Each structure stands twice: as structure tokens, then as C-alpha cells.
$ cat structure_25.txt   # compact mmCIF, C-alpha atoms
# COMPACT_ATOMS: atom_id res chain seq x y z
CA MET A 5 96.00 123.51 96.80
CA SER A 6 96.00 122.85 93.05
CA LYS A 7 93.21 120.74 91.55
CA PRO A 8 92.73 117.58 93.65
CA VAL A 9 94.01 114.43 91.99
CA ASN A 10 92.96 111.79 94.52
CA VAL A 11 90.63 111.13 97.44
CA GLU A 12 93.28 112.16 99.97
CA ASP A 13 93.45 115.61 98.37
CA TYR A 14 89.70 115.97 98.90
CA ARG A 15 90.12 114.80 102.49
CA ALA A 16 92.58 117.67 103.06
CA LEU A 17 90.16 120.18 101.52
CA ALA A 18 87.27 118.83 103.63
CA ARG A 19 89.35 119.17 106.77
CA LYS A 20 90.18 122.76 105.88
CA ARG A 21 86.56 123.76 105.24
CA LEU A 22 84.78 121.98 108.10
CA PRO A 23 84.85 122.95 111.77
CA LYS A 24 86.85 120.47 113.82
CA MET A 25 83.84 118.88 115.50
CA VAL A 26 82.11 118.29 112.15
CA PHE A 27 85.25 116.90 110.50
CA ASP A 28 85.81 114.67 113.52
CA TYR A 29 82.29 113.29 113.10
CA LEU A 30 83.07 112.48 109.46
CA GLU A 31 86.54 111.11 110.11
CA GLY A 32 86.33 109.48 113.51
CA GLY A 33 86.02 105.87 114.56
CA ALA A 34 85.37 103.91 117.74
CA GLU A 35 87.60 103.94 120.81
CA ASP A 36 91.32 103.84 119.83
CA GLU A 37 90.40 103.96 116.12
CA THR A 38 92.62 100.99 115.30
CA GLY A 39 89.79 99.77 113.06
CA LEU A 40 90.22 102.79 110.79
CA ALA A 41 93.87 101.93 110.17
CA HIS A 42 93.16 98.21 109.91
CA ASN A 43 90.59 98.75 107.15
CA ARG A 44 93.23 100.52 105.07
CA GLU A 45 96.00 98.07 105.94
CA ALA A 46 93.86 95.16 104.76
CA PHE A 47 93.95 96.58 101.22
CA GLN A 48 97.56 97.71 101.38
CA ARG A 49 98.84 94.27 102.40
CA VAL A 50 97.40 92.54 99.35
CA ARG A 51 99.42 92.96 96.15
CA LEU A 52 98.37 92.58 92.54
CA ARG A 53 99.76 90.27 89.84
CA SER A 54 99.51 91.43 86.23
CA ARG A 55 99.08 89.47 83.02
CA ARG A 56 101.09 90.71 80.04
CA LEU A 57 100.60 90.69 76.27
CA VAL A 58 96.84 91.16 76.70
CA ASP A 59 94.84 93.53 74.50
CA VAL A 60 93.65 96.20 76.92
CA SER A 61 93.05 98.92 74.35
CA ARG A 62 89.43 98.94 75.50
CA ARG A 63 88.42 98.53 79.13
CA ASP A 64 84.99 98.08 80.67
CA SER A 65 84.32 99.04 84.30
CA SER A 66 80.58 98.42 84.16
CA ILE A 67 78.86 95.50 85.90
CA THR A 68 75.44 93.94 86.20
CA LEU A 69 74.04 94.06 89.72
CA PHE A 70 70.56 92.69 90.43
CA ASP A 71 69.80 92.57 86.71
CA LYS A 72 70.71 96.25 86.24
CA ARG A 73 73.73 97.51 84.34
CA ILE A 74 75.68 100.12 86.31
CA SER A 75 78.62 102.15 85.02
CA ALA A 76 81.11 101.00 87.66
CA PRO A 77 81.20 98.55 90.60
CA LEU A 78 80.47 101.44 92.98
CA LEU A 79 77.58 102.48 95.19
CA ILE A 80 77.35 105.52 97.45
CA ALA A 81 77.01 104.17 100.98
CA PRO A 82 74.30 105.27 103.44
CA THR A 83 75.70 107.95 105.74
CA GLY A 84 73.88 110.09 108.26
CA LEU A 85 73.82 113.85 108.81
CA ASN A 86 75.16 114.69 105.36
CA GLY A 87 73.52 118.10 105.65
CA SER A 88 76.15 119.01 108.22
CA PHE A 89 78.83 118.73 105.51
CA TRP A 90 76.98 120.57 102.72
CA PRO A 91 73.44 121.96 102.40
CA LYS A 92 71.07 119.28 101.03
CA GLY A 93 74.00 116.88 101.10
CA ASP A 94 71.85 113.77 100.61
CA ILE A 95 70.35 115.20 97.43
CA ALA A 96 73.79 116.21 96.13
CA LEU A 97 75.08 112.67 96.63
CA ALA A 98 72.00 111.12 95.05
CA ARG A 99 72.13 113.37 91.99
CA SER A 100 75.81 112.69 91.48
CA ALA A 101 75.21 108.95 91.71
CA ALA A 102 72.42 109.25 89.14
CA ARG A 103 74.71 111.09 86.71
CA PHE A 104 77.32 108.35 87.05
CA GLY A 105 74.77 105.58 86.67
CA ILE A 106 75.33 103.97 90.08
CA PRO A 107 72.97 103.39 93.04
CA PHE A 108 72.65 105.78 95.97
CA LEU A 109 71.75 104.53 99.45
CA LEU A 110 69.79 106.95 101.62
CA SER A 111 70.31 106.61 105.36
CA THR A 112 67.48 106.52 107.88
CA ALA A 113 69.46 109.34 109.57
CA SER A 114 69.37 111.56 106.48
CA ASN A 115 68.82 115.31 106.55
CA SER A 116 66.59 115.12 103.46
CA SER A 117 63.50 112.97 103.61
CA ILE A 118 62.80 109.79 101.67
CA GLU A 119 60.31 111.69 99.53
CA GLU A 120 62.48 114.77 99.00
CA VAL A 121 65.42 112.76 97.69
CA ALA A 122 63.14 110.78 95.36
CA GLU A 123 61.70 114.04 94.03
CA HIS A 124 65.09 115.61 93.25
CA ALA A 125 67.13 112.59 92.09
CA ASP A 126 66.06 110.22 89.36
CA GLY A 127 68.66 107.46 89.71
CA ASP A 128 68.52 104.04 91.34
CA LEU A 129 67.62 104.81 94.96
CA TRP A 130 68.11 102.35 97.81
CA PHE A 131 66.94 102.93 101.38
CA GLN A 132 68.96 101.93 104.44
CA LEU A 133 66.91 101.02 107.50
CA TYR A 134 67.81 101.41 111.16
CA VAL A 135 65.25 99.71 113.37
CA VAL A 136 64.80 102.14 116.25
CA HIS A 137 61.14 101.38 116.82
CA ARG A 138 59.23 98.55 115.13
CA LYS A 139 56.18 100.60 114.14
CA LEU A 140 58.37 103.42 112.85
CA ALA A 141 60.43 100.94 110.84
CA GLU A 142 57.30 99.70 109.13
CA GLN A 143 56.28 103.28 108.31
CA LEU A 144 59.70 104.05 106.82
CA VAL A 145 59.67 100.89 104.73
CA ARG A 146 56.24 101.71 103.33
CA ARG A 147 57.30 105.28 102.57
CA ALA A 148 60.37 104.03 100.69
CA MET A 149 58.17 101.65 98.72
CA GLU A 150 55.70 104.37 97.79
CA ALA A 151 58.53 106.72 96.78
CA GLY A 152 59.92 104.15 94.34
CA TYR A 153 63.09 102.97 96.07
CA SER A 154 64.27 99.76 94.41
CA THR A 155 66.17 98.15 97.27
CA LEU A 156 66.02 98.01 101.07
CA VAL A 157 69.20 97.63 103.10
CA LEU A 158 68.84 96.57 106.73
CA THR A 159 71.77 97.60 108.94
CA VAL A 160 72.35 95.12 111.77
CA ASP A 161 75.60 96.19 113.48
CA VAL A 162 74.28 98.97 115.73
CA ALA A 163 72.46 97.20 118.57
CA VAL A 164 74.35 99.73 120.70
CA THR A 165 76.40 102.68 119.60
CA GLY A 166 80.13 102.45 119.18
CA LYS A 167 82.12 104.57 121.63
CA ARG A 168 83.08 107.40 119.33
CA GLU A 169 85.40 109.36 121.54
CA ARG A 170 85.95 112.30 119.21
CA ASP A 171 82.20 112.99 119.24
CA LEU A 172 82.06 112.57 123.01
CA ARG A 173 84.88 115.04 123.55
CA ASN A 174 83.43 117.54 121.07
CA GLY A 175 79.86 117.19 122.34
CA PHE A 176 78.74 116.54 118.77
CA ALA A 177 74.97 116.13 118.55
CA MET A 178 72.04 117.02 116.35
CA PRO A 179 70.77 119.65 116.84
CA MET A 180 74.18 121.15 117.51
CA HIS A 181 74.87 122.51 120.97
CA TYR A 182 76.51 125.91 121.04
CA SER A 183 79.41 126.72 123.34
CA LEU A 184 82.26 129.20 123.25
CA ARG A 185 84.48 126.54 121.70
CA THR A 186 81.83 125.72 119.07
CA LEU A 187 81.39 129.38 118.17
CA LEU A 188 85.14 129.93 117.86
CA ASP A 189 85.37 126.83 115.68
CA GLY A 190 82.69 128.29 113.43
CA VAL A 191 84.34 131.71 113.23
CA THR A 192 87.58 130.13 112.03
CA HIS A 193 85.70 128.24 109.31
CA PRO A 194 83.67 131.06 107.73
CA ARG A 195 82.71 129.30 104.46
CA TRP A 196 81.01 126.48 106.36
CA SER A 197 79.47 128.86 108.91
CA MET A 198 77.95 131.18 106.31
CA SER A 199 76.43 128.22 104.49
CA TYR A 200 75.09 126.90 107.78
CA LEU A 201 73.51 130.26 108.64
CA ARG A 202 71.94 130.64 105.19
CA HIS A 203 70.38 127.20 105.06
CA GLY A 204 69.57 126.61 108.71
CA MET A 205 70.20 123.76 111.08
CA PRO A 206 69.96 120.31 109.44
CA GLN A 207 67.39 117.99 110.98
CA LEU A 208 66.64 114.28 110.79
CA ALA A 209 64.10 114.81 108.05
CA ASN A 210 62.48 111.38 108.18
CA PHE A 211 61.26 112.11 111.72
CA ILE A 212 59.74 115.55 111.35
CA SER A 213 56.00 115.65 112.05
CA ALA A 214 53.56 117.03 114.55
CA ASP A 215 54.01 114.04 116.87
CA ALA A 216 55.86 114.68 120.10
CA ILE A 217 57.41 111.22 119.89
CA ASP A 218 59.53 112.40 116.96
CA THR A 219 61.86 114.25 119.32
CA GLU A 220 62.40 111.06 121.30
CA LEU A 221 63.01 109.07 118.12
CA GLN A 222 65.53 111.61 116.82
CA ALA A 223 67.39 111.48 120.13
CA ALA A 224 67.36 107.69 120.04
CA LEU A 225 68.70 107.65 116.51
CA MET A 226 71.47 110.14 117.27
CA SER A 227 72.61 108.02 120.22
CA ARG A 228 72.17 104.82 118.18
CA GLN A 229 69.56 103.46 120.60
CA MET A 230 68.41 100.80 118.17
CA ASP A 231 66.00 97.97 118.85
CA ALA A 232 68.43 95.48 120.33
CA THR A 233 65.75 92.76 120.31
CA PHE A 234 65.72 92.60 116.48
CA SER A 235 66.60 89.01 115.51
CA TRP A 236 66.24 86.35 112.83
CA ASP A 237 62.47 86.10 113.14
CA ASP A 238 62.25 89.86 112.64
CA LEU A 239 64.34 89.59 109.47
CA LYS A 240 61.71 87.20 108.12
CA TRP A 241 59.03 89.75 109.05
CA LEU A 242 60.89 92.44 107.13
CA ARG A 243 61.28 90.12 104.15
CA GLN A 244 57.50 89.66 104.05
CA LEU A 245 56.94 93.42 104.38
CA TRP A 246 59.30 94.41 101.55
CA PRO A 247 58.62 92.75 98.15
CA ARG A 248 61.64 94.19 96.32
CA LYS A 249 65.38 93.55 96.67
CA LEU A 250 66.55 93.22 100.29
CA LEU A 251 70.15 93.25 101.55
CA VAL A 252 71.55 92.90 105.06
CA LYS A 253 74.46 95.21 105.96
CA GLY A 254 76.93 95.00 108.82
CA LEU A 255 77.88 91.33 108.68
CA SER A 256 81.29 90.02 109.71
CA ARG A 257 80.82 86.24 109.40
CA TRP A 258 80.20 83.99 106.42
CA ASP A 259 77.79 81.79 108.36
CA ASP A 260 75.64 84.84 109.16
CA ALA A 261 75.71 85.74 105.47
CA GLN A 262 74.49 82.28 104.54
CA ARG A 263 71.74 82.46 107.13
CA CYS A 264 70.58 85.85 105.82
CA ILE A 265 70.33 84.42 102.31
CA ALA A 266 68.39 81.45 103.65
CA ALA A 267 66.00 83.87 105.37
CA GLY A 268 65.26 85.54 102.04
CA ALA A 269 67.90 88.27 101.63
CA ASP A 270 68.91 88.93 98.03
CA GLY A 271 72.46 89.83 99.02
CA VAL A 272 74.69 90.86 101.92
CA ILE A 273 77.12 93.65 102.73
CA PHE A 274 80.22 92.88 104.79
CA SER A 275 80.86 96.03 106.81
CA ASN A 276 82.37 97.17 110.09
CA HIS A 277 80.62 100.53 109.80
CA GLY A 278 83.82 102.19 108.65
CA GLY A 279 85.50 101.39 111.97
CA ARG A 280 82.84 103.33 113.88
CA GLN A 281 81.29 100.49 115.89
CA LEU A 282 83.53 97.66 117.19
CA ASP A 283 87.12 98.90 117.13
CA GLY A 284 88.60 95.40 116.98
CA ALA A 285 86.35 94.14 114.20
CA VAL A 286 87.66 92.23 111.21
CA ALA A 287 88.06 94.35 108.08
CA PRO A 288 85.42 93.49 105.47
CA PHE A 289 88.08 93.02 102.77
CA GLU A 290 89.99 90.74 105.11
CA LEU A 291 86.85 88.67 105.62
CA LEU A 292 86.21 88.57 101.89
CA CYS A 293 89.71 87.22 101.27
CA SER A 294 89.32 84.52 103.93
CA SER A 295 87.31 82.20 101.73
CA GLU A 296 85.82 81.77 98.30
CA ASN A 297 82.31 83.23 98.12
CA ARG A 298 80.11 80.93 100.16
CA THR A 299 76.79 82.27 98.88
CA HIS A 300 75.05 82.25 95.53
CA ARG A 301 73.93 85.86 95.96
CA PRO A 302 75.83 89.16 95.60
CA VAL A 303 78.31 90.04 98.34
CA LEU A 304 79.26 93.71 98.66
CA ILE A 305 81.76 95.34 101.01
CA ASP A 306 82.59 98.78 102.36
CA SER A 307 85.08 100.34 104.82
CA GLY A 308 88.53 101.69 103.99
CA ILE A 309 88.13 102.11 100.21
CA ARG A 310 90.12 105.11 98.98
CA ARG A 311 91.59 104.02 95.64
CA GLY A 312 90.39 102.45 92.42
CA SER A 313 92.95 99.70 93.05
CA ASP A 314 91.12 98.92 96.32
CA VAL A 315 87.96 98.39 94.30
CA VAL A 316 89.78 96.12 91.85
CA LYS A 317 91.25 94.07 94.71
CA ALA A 318 87.82 93.68 96.29
CA LEU A 319 86.27 92.43 93.05
CA ALA A 320 89.18 90.10 92.41
CA ALA A 321 88.64 88.64 95.89
CA GLY A 322 84.98 87.98 95.17
CA ALA A 323 82.98 91.13 95.89
CA SER A 324 80.16 92.00 93.51
CA ALA A 325 80.62 95.75 94.13
CA VAL A 326 81.78 98.17 96.83
CA LEU A 327 80.19 101.02 98.77
CA LEU A 328 81.95 104.37 99.10
CA GLY A 329 81.42 106.21 102.39
CA ARG A 330 84.04 108.70 103.51
CA ALA A 331 85.56 108.98 100.02
CA THR A 332 82.50 110.65 98.52
CA LEU A 333 81.82 112.59 101.74
CA TYR A 334 85.24 114.23 101.45
CA GLY A 335 84.22 115.45 98.01
CA LEU A 336 80.84 116.62 99.32
CA ALA A 337 82.36 118.47 102.28
CA ALA A 338 84.99 120.16 100.13
CA ALA A 339 82.98 121.21 97.08
CA GLY A 340 79.41 119.94 97.27
CA GLU A 341 77.90 118.13 94.30
CA ASN A 342 80.87 119.01 92.07
CA GLY A 343 83.22 117.45 94.61
CA VAL A 344 81.22 114.22 94.65
CA ASP A 345 81.30 114.16 90.85
CA ASP A 346 85.05 114.60 90.91
CA VAL A 347 85.66 111.86 93.48
CA LEU A 348 83.56 109.41 91.48
CA ALA A 349 85.44 110.37 88.31
CA ILE A 350 88.76 109.87 90.09
CA MET A 351 87.73 106.45 91.39
CA LYS A 352 86.45 105.37 87.98
CA ASP A 353 89.65 106.56 86.28
CA GLU A 354 91.80 104.69 88.81
CA ILE A 355 89.76 101.51 88.27
CA ASP A 356 90.29 101.85 84.53
CA ARG A 357 94.03 102.45 84.88
CA THR A 358 94.39 99.49 87.24
CA LEU A 359 92.58 97.20 84.79
CA ALA A 360 94.93 98.27 81.99
CA GLN A 361 98.01 97.69 84.10
CA LEU A 362 96.70 94.32 85.29
CA GLY A 363 96.09 93.07 81.77
CA CYS A 364 92.39 92.60 82.50
CA PRO A 365 90.06 94.35 80.02
CA SER A 366 86.92 94.12 82.19
CA VAL A 367 86.10 94.20 85.89
CA GLU A 368 83.86 91.22 85.25
CA GLY A 369 86.98 89.25 84.31
CA LEU A 370 88.67 89.84 87.67
CA SER A 371 89.45 86.82 89.82
CA ARG A 372 91.85 85.74 92.53
CA GLU A 373 94.47 84.93 89.92
CA TYR A 374 95.23 88.66 89.90
CA LEU A 375 95.99 88.68 93.65
CA ALA A 376 99.35 87.64 95.06
CA ARG A 377 98.28 84.57 97.00
CA PRO A 378 101.00 84.55 99.68
CA ASP A 379 99.84 87.99 100.83
CA VAL A 380 96.19 86.97 100.69
CA SER A 381 96.91 83.87 102.79
CA SER A 382 98.76 85.82 105.45
CA LEU A 383 96.10 88.51 105.52
CA CYS A 384 93.24 86.08 105.86
CA ARG A 385 94.61 83.65 108.40
CA ASN A 386 92.12 82.86 111.19
CA THR A 387 89.26 84.90 109.68
CA ALA A 388 87.30 82.15 107.97
CA ALA A 389 84.31 82.06 110.33
$ encode --input "structure_25.txt" --output "C-alpha cells"
Amino acid sequence: MSKPVNVEDYRALARKRLPKMVFDYLEGGAEDETGLAHNREAFQRVRLRSRRLVDVSRRDSSITLFDKRISAPLLIAPTGLNGSFWPKGDIALARSAARFGIPFLLSTASNSSIEEVAEHADGDLWFQLYVVHRKLAEQLVRRAMEAGYSTLVLTVDVAVTGKRERDLRNGFAMPMHYSLRTLLDGVTHPRWSMSYLRHGMPQLANFISADAIDTELQAALMSRQMDATFSWDDLKWLRQLWPRKLLVKGLSRWDDAQRCIAAGADGVIFSNHGGRQLDGAVAPFELLCSSENRTHRPVLIDSGIRRGSDVVKALAAGASAVLLGRATLYGLAAAGENGVDDVLAIMKDEIDRTLAQLGCPSVEGLSREYLARPDVSSLCRNTAA
């Protein structure tokens, strides 16, 4: 393939380099995977309306988010097991985000520890929290605080794991289980296999210690055995524990968003976990379109974002910024840190081009007037809860 020109090109390169079971982990969704397609369709069904005779000789893609200026309305989403795509994948993503002047969110299920990422990346670091065990959650929060993370993101849509049938069929787990099929898969993907052999098996780095319970916690995290008792009172506890910015991720209702803000959250993230949890879930962009912003705090979205025009549509519909998940992982899996850099550059260029063609010189000037309302109305019908 010639030099990649879009995210889909990097997806093709990632698929070529990764063994099938690893690519399936990156790519797959829950059950019939209708949610994956629906996330994309939500963006594709909304059209843009341009203004003409506007001076767009200079465009500005930067925004202010939580009193910080960032170069584009992009964040790198928290994703687990990034070391299975590229050695030290979490650090590569964090360093690339720092170079582009955007935040990086480290997952609880990372293959590099909270401290290791902070040591090797000097950008704006956020930490995403899965509550597997209450005492452990408190320890992780305190470690993130001591390591200088600016923002805590609580994920609330994994009380039980989604039924990810690709992973079930492939027997995907961490540590990886070897079988004849696994070995053959590795042999036919020598670049990935050699890297894997040189750097060793990735582990859930935030759970490595001398305590025997760590093995149990890693197994619980891999199978998404989260604390299903975590509720509104516990969110208030977390708010008291963490004095910096706090967001709640995984919401699919405006009334839940309002309640999170009332409980002390500084912002919310509409997310369906990239279609990996509830297959029939509403698309975050669809939810965003369903109503004018009903909170006075930032609302971010993820899931299904592959183009700069998707980002522009999200901001026009009321999002403060978007999180990139699979898009940057395709770049990571294909070419490591350089691939992440390239994907971010592609997304930023597409945002800039879309602004010029819309007749909108700045992303901060985007509004619903740039969206074709008939399409927005049809998309958002019956999703206003």
C-alpha cells in the first residue's frame, strides 16, 4: 500500500500486521455487532450545510477545555491492552498526544503503569478508572494523583462484560493462551510475532506486585467483573476522594448526565464503549443530536469517529470535544508511535478542510446551523431521554 491517506488505510495496515485474534480484539463489538455499524451510520446520516462568502483564509481548530487550550477538539480515549498492538503502546499513545497538544487517557487495564506513563510522557494525562474492587480503586486514584494526572474519568457502563463473541471464539485472554491455531496465526504474522518475542508478554501493569490477590484482580479485570454495586452514593465518595477534574464516562441518557453533574462531576462522556458492551445501545452522536445540551458542563462523546468531518458534526451538535479510540489504535498497530502521529495529523487536517468548506473559520464557531436539520430530526427521533 502507498502512504496511508485516511484512518481506513491504517485499519487495513493494522489488520495485515496483527494476528487475527489480536485484530479481532481491537475491531470487535458485542453480540451481532450492529452497534459498530450504528455508530458509523449515526454520523453518515447527518449532512452538513455550508455558509458561503466567508473569509476562511485562516482556520483555528484549537479549543479551550477545562481552562486549558488544546490544539484540536480531540482526546485519545482510554483503551486496554495496548501493549498487544505495539510494545509500550500506552506510552506511544501518550507521547503522541503530548506532541499534538491534546490529552491522553490511560486505562486501568493498561500495559504500562500509571507511574511509567507519567515518567515517559509529559503531556496532559487523564486516568480512567474501572472499579473492580473498592480498596483497589482508592489505591489507583491516589497513585494517579501522586503521579500528576490532571483528570479522573470514571467508566460506568461495564457492570458486566459485553458478550464479545470474536474474543470468545478466539479464546482471547491476557496472558495469551497458546494453541496450534494461535501459533499458526503468529507464524503468518512474523513482524508482530518477532516484536512480541523481543519485548515479552504484556501484562496489566497497574496490578503487578507481590500480592497474590493481583492475579485474581487481573482475571476480574480481563473478564470485566466490575463492582456492580457501585451507585450514586459511591460517585459522591469518589468526588470527595479526587480533588481535581472528574468526568463520568459511559452515559446514554441526558437525565443521568444531569445527575452526575449535580453529584459533582465536572463533565460527562456519552459513550457506548465503541459498541463493545450493549449491542443495541443508542449511538453517542445520536444521543447528542436528540436535544440541545442540557448541562452547563462539558459534554464529550466517543464511538464511531473515523473522519475529521465526524468531529465537526459532533461539535456542531453540541459536543465540547471527542475521544478517539480505534482510529488511533489502527495507527499504533500499523506503525507504532509514528502511526499515531500520522492518524492525528490526518484527523486534524480533515477538521481544517471541513471548516474551510463549511465557511466556518473556527471550531468554536460551530453550531447546529451547520447541520441539515431534517436529517438531524430523523436521526434523533425517540432518543431524547
$ residues_around --input "structure_25.txt" --residues "A:Gly284" --least-positions-apart "5" --cutoff "12 Å" --atoms "all atoms listed in the file" --output "PyMOL selection string"
chain A and resi 33-43+166+256+276-279
$ atom_distance --input "structure_25.txt" --atom1 "atom CA of A:Ile118" --atom2 "atom CA of A:Leu156"
12.2 Å
$ closest_residue --input "structure_25.txt" --among "A:Ser75, A:Ser371, A:Ser114, A:Asn10" --to "A:Ser88" --atoms "only C-alpha atoms"
A:Ser114
$ closest_residue --input "structure_25.txt" --among "A:Asp259, A:Ala325, A:Ser54, A:Ser6" --to "A:Ile74" --atoms "all atoms listed in the file"
A:Ala325
$ atom_distance --input "structure_25.txt" --atom1 "atom CA of A:Arg170" --atom2 "atom CA of A:Pro288"
23.3 Å
$ closest_residue --input "structure_25.txt" --among "A:Asp314, A:Glu119, A:Asp345, A:Asp306" --to "A:Ala81" --atoms "all atoms listed in the file"
A:Asp306
$ residues_around --input "structure_25.txt" --residues "stretch 27-31 of chain A" --least-positions-apart "3" --cutoff "8 Å" --atoms "all atoms listed in the file" --output "MDAnalysis selection string"
chainID A and resid 18:19 22:24 170:171 176 330 333
$ atom_distance --input "structure_25.txt" --atom1 "atom CA of A:Gln207" --atom2 "atom CA of A:Ser117"
9.7 Å
$ residues_around --input "structure_25.txt" --residues "stretch 346-359 of chain A" --least-positions-apart "6" --cutoff "7 Å" --atoms "all atoms listed in the file" --output "list in words"
Asn10, Val11, Arg63, Ser65, Ala76, Arg311, Gly312, Ser313, Val316, Thr332, Gly335, Pro365 and Ser366 of chain A
$ residues_around --input "structure_25.txt" --residues "A:Thr112" --least-positions-apart "6" --cutoff "9 Å" --atoms "all atoms listed in the file" --output "PyMOL selection string"
chain A and resi 82-84+118+131-134+144+208-210+225
$ write_last_selection --input "structure_25.txt" --atoms "C-alpha atoms" --output "CSV table (one decimal), keeping the file's coordinate frame"
chain,number,residue,atom,x,y,z
A,82,PRO,CA,74.3,105.3,103.4
A,83,THR,CA,75.7,108.0,105.7
A,84,GLY,CA,73.9,110.1,108.3
A,118,ILE,CA,62.8,109.8,101.7
A,131,PHE,CA,66.9,102.9,101.4
A,132,GLN,CA,69.0,101.9,104.4
A,133,LEU,CA,66.9,101.0,107.5
A,134,TYR,CA,67.8,101.4,111.2
A,144,LEU,CA,59.7,104.0,106.8
A,208,LEU,CA,66.6,114.3,110.8
A,209,ALA,CA,64.1,114.8,108.0
A,210,ASN,CA,62.5,111.4,108.2
A,225,LEU,CA,68.7,107.6,116.5
$ residues_around --input "structure_25.txt" --residues "A:Gly105" --least-positions-apart "6" --cutoff "10 Å" --atoms "all atoms listed in the file" --output "PyMOL selection string"
chain A and resi 66+73-76+78-79+99+127-128
$ write_last_selection --input "structure_25.txt" --atoms "C-alpha atoms" --output "compact mmCIF listing (two decimals), in the coordinates of the input"
# COMPACT_ATOMS: atom_id res chain seq x y z
CA SER A 66 80.58 98.42 84.16
CA ARG A 73 73.73 97.51 84.34
CA ILE A 74 75.68 100.12 86.31
CA SER A 75 78.62 102.15 85.02
CA ALA A 76 81.11 101.00 87.66
CA LEU A 78 80.47 101.44 92.98
CA LEU A 79 77.58 102.48 95.19
CA ARG A 99 72.13 113.37 91.99
CA GLY A 127 68.66 107.46 89.71
CA ASP A 128 68.52 104.04 91.34
$ closest_residue --input "structure_25.txt" --among "A:Arg202, A:Ser154, A:Gly271, A:Arg301" --to "A:Pro247" --atoms "only C-alpha atoms"
A:Ser154
$ closest_residue --input "structure_25.txt" --among "A:Asn115, A:Gln244, A:Gln361, A:Ser100" --to "A:Arg56" --atoms "only C-alpha atoms"
A:Gln361
$ closest_residue --input "structure_25.txt" --among "A:Arg21, A:Gly329, A:Asp238, A:Glu142" --to "A:Phe108" --atoms "all atoms listed in the file"
A:Gly329
$ build_atoms --input "structure_25.txt" --residues "stretch 23-36 of chain A" --atoms "N, CA and C atoms" --output "PDB file, keeping the file's coordinate frame"
ATOM      1  N   PRO A  23      84.438 122.796 110.372  1.00  0.00           N
ATOM      2  CA  PRO A  23      84.850 122.950 111.770  1.00  0.00           C
ATOM      3  C   PRO A  23      85.363 121.613 112.302  1.00  0.00           C
ATOM      4  N   LYS A  24      86.217 121.686 113.291  1.00  0.00           N
ATOM      5  CA  LYS A  24      86.850 120.470 113.820  1.00  0.00           C
ATOM      6  C   LYS A  24      85.824 119.443 114.265  1.00  0.00           C
ATOM      7  N   MET A  25      84.772 119.860 114.971  1.00  0.00           N
ATOM      8  CA  MET A  25      83.840 118.880 115.500  1.00  0.00           C
ATOM      9  C   MET A  25      83.064 118.188 114.381  1.00  0.00           C
ATOM     10  N   VAL A  26      82.823 118.898 113.272  1.00  0.00           N
ATOM     11  CA  VAL A  26      82.110 118.290 112.150  1.00  0.00           C
ATOM     12  C   VAL A  26      83.045 117.347 111.390  1.00  0.00           C
ATOM     13  N   PHE A  27      84.295 117.788 111.165  1.00  0.00           N
ATOM     14  CA  PHE A  27      85.250 116.900 110.500  1.00  0.00           C
ATOM     15  C   PHE A  27      85.510 115.660 111.344  1.00  0.00           C
ATOM     16  N   ASP A  28      85.598 115.825 112.645  1.00  0.00           N
ATOM     17  CA  ASP A  28      85.810 114.670 113.520  1.00  0.00           C
ATOM     18  C   ASP A  28      84.661 113.680 113.439  1.00  0.00           C
ATOM     19  N   TYR A  29      83.435 114.190 113.276  1.00  0.00           N
ATOM     20  CA  TYR A  29      82.290 113.290 113.100  1.00  0.00           C
ATOM     21  C   TYR A  29      82.451 112.487 111.811  1.00  0.00           C
ATOM     22  N   LEU A  30      82.868 113.158 110.736  1.00  0.00           N
ATOM     23  CA  LEU A  30      83.070 112.480 109.460  1.00  0.00           C
ATOM     24  C   LEU A  30      84.202 111.460 109.554  1.00  0.00           C
ATOM     25  N   GLU A  31      85.282 111.874 110.162  1.00  0.00           N
ATOM     26  CA  GLU A  31      86.540 111.110 110.110  1.00  0.00           C
ATOM     27  C   GLU A  31      86.667 110.056 111.187  1.00  0.00           C
ATOM     28  N   GLY A  32      86.022 110.262 112.328  1.00  0.00           N
ATOM     29  CA  GLY A  32      86.330 109.480 113.510  1.00  0.00           C
ATOM     30  C   GLY A  32      85.835 108.050 113.491  1.00  0.00           C
ATOM     31  N   GLY A  33      86.417 107.249 114.375  1.00  0.00           N
ATOM     32  CA  GLY A  33      86.020 105.870 114.560  1.00  0.00           C
ATOM     33  C   GLY A  33      85.750 105.588 116.023  1.00  0.00           C
ATOM     34  N   ALA A  34      85.659 104.326 116.360  1.00  0.00           N
ATOM     35  CA  ALA A  34      85.370 103.910 117.740  1.00  0.00           C
ATOM     36  C   ALA A  34      86.655 103.782 118.543  1.00  0.00           C
ATOM     37  N   GLU A  35      86.556 104.146 119.801  1.00  0.00           N
ATOM     38  CA  GLU A  35      87.600 103.940 120.810  1.00  0.00           C
ATOM     39  C   GLU A  35      88.978 104.382 120.319  1.00  0.00           C
ATOM     40  N   ASP A  36      89.956 103.461 120.218  1.00  0.00           N
ATOM     41  CA  ASP A  36      91.320 103.840 119.830  1.00  0.00           C
ATOM     42  C   ASP A  36      91.479 104.031 118.333  1.00  0.00           C
TER      43      ASP A  36
END
